Amino acid sequence: MTVLFTILIAGGFVIGPVALVWSWVRLLRNRTAISKFPVISFLSLLCATASALLAIGSAVYAHHIGGFGFSDPRLMNIYRDGLYLSLGAILFSLLGVFRRSSIRWLPIGAGIGSLFFWICLASAE
């Protein structure tokens, strides 16, 4: 069981953010790819980024209100939305793999990492 949690934590807190930042850097450095990148891979990257922004925004919000209570409905909605964004990122990235682009493999890691992140947070509840 500890091996599973180690994999979830490593994927959610290390591999996912690294893949997300690396894919944005790779996309922005390759200027020719910006006009020709497949839209599906970009949608995957946007979903993973929205999931990360939801995590950051919810942490700031929780700090501002003094924390969430146990099984707070707002927190459960945040977990649900983060899970859906992560699953959308994984789905779009699997569909976008079939088109050649500079970022076609990285959004898979970002989506799976964000899914692991939300699973870790929900299991800590």
# chains A, B, ... in the order shown; residues from 1 in each chain; ligands from 1
$ residues_around --residues "Ala122 of chain A" --least-positions-apart "6" --cutoff "12 Å" --atoms "only C-alpha atoms" --output "list in words"
Leu8, Phe70, Ser71, Asp72, Leu75, Met76, Asn77, Ile78, Tyr79, Arg80, Asp81, Gly82, Leu83, Leu115 and Phe116 of chain A
$ atom_distance --atom1 "atom CA of Leu27 of chain A" --atom2 "atom CA of Ser102 of chain A"
6.7 Å
$ closest_atom_pairs --of "segment 74-111 of chain A" --to "segment 12-19 of chain A" --cutoff "9 Å" --atoms "only C-alpha atoms" --output "CSV"
residue,atom,partner,partner_atom,distance
A:Leu106,CA,A:Ala19,CA,5.7
A:Pro107,CA,A:Ala19,CA,6.9
A:Ile108,CA,A:Ala19,CA,8.4
A:Gly109,CA,A:Ala19,CA,5.7
A:Ala110,CA,A:Gly16,CA,4.4
A:Gly111,CA,A:Gly16,CA,7.0
$ write_last_selection --atoms "N, CA, C and O atoms" --output "PDB file, in the first residue's frame"
ATOM      1  N   LEU A 106       4.007  14.894 -23.825  1.00  0.00           N
ATOM      2  CA  LEU A 106       4.087  15.534 -22.512  1.00  0.00           C
ATOM      3  C   LEU A 106       2.735  15.756 -21.841  1.00  0.00           C
ATOM      4  O   LEU A 106       2.636  15.594 -20.622  1.00  0.00           O
ATOM      5  N   PRO A 107       1.674  16.123 -22.540  1.00  0.00           N
ATOM      6  CA  PRO A 107       0.396  16.285 -21.849  1.00  0.00           C
ATOM      7  C   PRO A 107      -0.146  15.005 -21.214  1.00  0.00           C
ATOM      8  O   PRO A 107      -0.932  15.072 -20.272  1.00  0.00           O
ATOM      9  N   ILE A 108       0.295  13.847 -21.686  1.00  0.00           N
ATOM     10  CA  ILE A 108      -0.124  12.598 -21.029  1.00  0.00           C
ATOM     11  C   ILE A 108       0.422  12.569 -19.604  1.00  0.00           C
ATOM     12  O   ILE A 108      -0.306  12.266 -18.654  1.00  0.00           O
ATOM     13  N   GLY A 109       1.694  12.909 -19.456  1.00  0.00           N
ATOM     14  CA  GLY A 109       2.290  12.957 -18.122  1.00  0.00           C
ATOM     15  C   GLY A 109       1.659  14.024 -17.247  1.00  0.00           C
ATOM     16  O   GLY A 109       1.451  13.812 -16.050  1.00  0.00           O
ATOM     17  N   ALA A 110       1.342  15.171 -17.841  1.00  0.00           N
ATOM     18  CA  ALA A 110       0.708  16.237 -17.070  1.00  0.00           C
ATOM     19  C   ALA A 110      -0.698  15.835 -16.626  1.00  0.00           C
ATOM     20  O   ALA A 110      -1.102  16.098 -15.491  1.00  0.00           O
ATOM     21  N   GLY A 111      -1.448  15.178 -17.506  1.00  0.00           N
ATOM     22  CA  GLY A 111      -2.800  14.744 -17.148  1.00  0.00           C
ATOM     23  C   GLY A 111      -2.801  13.650 -16.102  1.00  0.00           C
ATOM     24  O   GLY A 111      -3.568  13.691 -15.133  1.00  0.00           O
TER      25      GLY A 111
END
$ closest_residue --among "A:Ile9, A:Ile103, A:Leu4, A:Ala89" --to "Val21 of chain A" --atoms "only C-alpha atoms"
A:Ile103
$ residues_around --residues "Leu54 of chain A" --least-positions-apart "2" --cutoff "10 Å" --atoms "only C-alpha atoms" --output "list in words"
Ala48, Thr49, Ala50, Ser51, Ala52, Ile56, Gly57, Ser58, Ala59, Val60, Ile78, Tyr79, Asp81, Gly82 and Leu85 of chain A
$ atom_distance --atom1 "atom CA of Leu43 of chain A" --atom2 "atom CA of Gly11 of chain A"
20.9 Å
$ atom_distance --atom1 "atom CA of Tyr84 of chain A" --atom2 "atom CA of Leu121 of chain A"
14.4 Å
$ closest_residue --among "A:Val39, A:Leu28, A:Cys120, A:Val3" --to "Phe92 of chain A" --atoms "only C-alpha atoms"
A:Val39
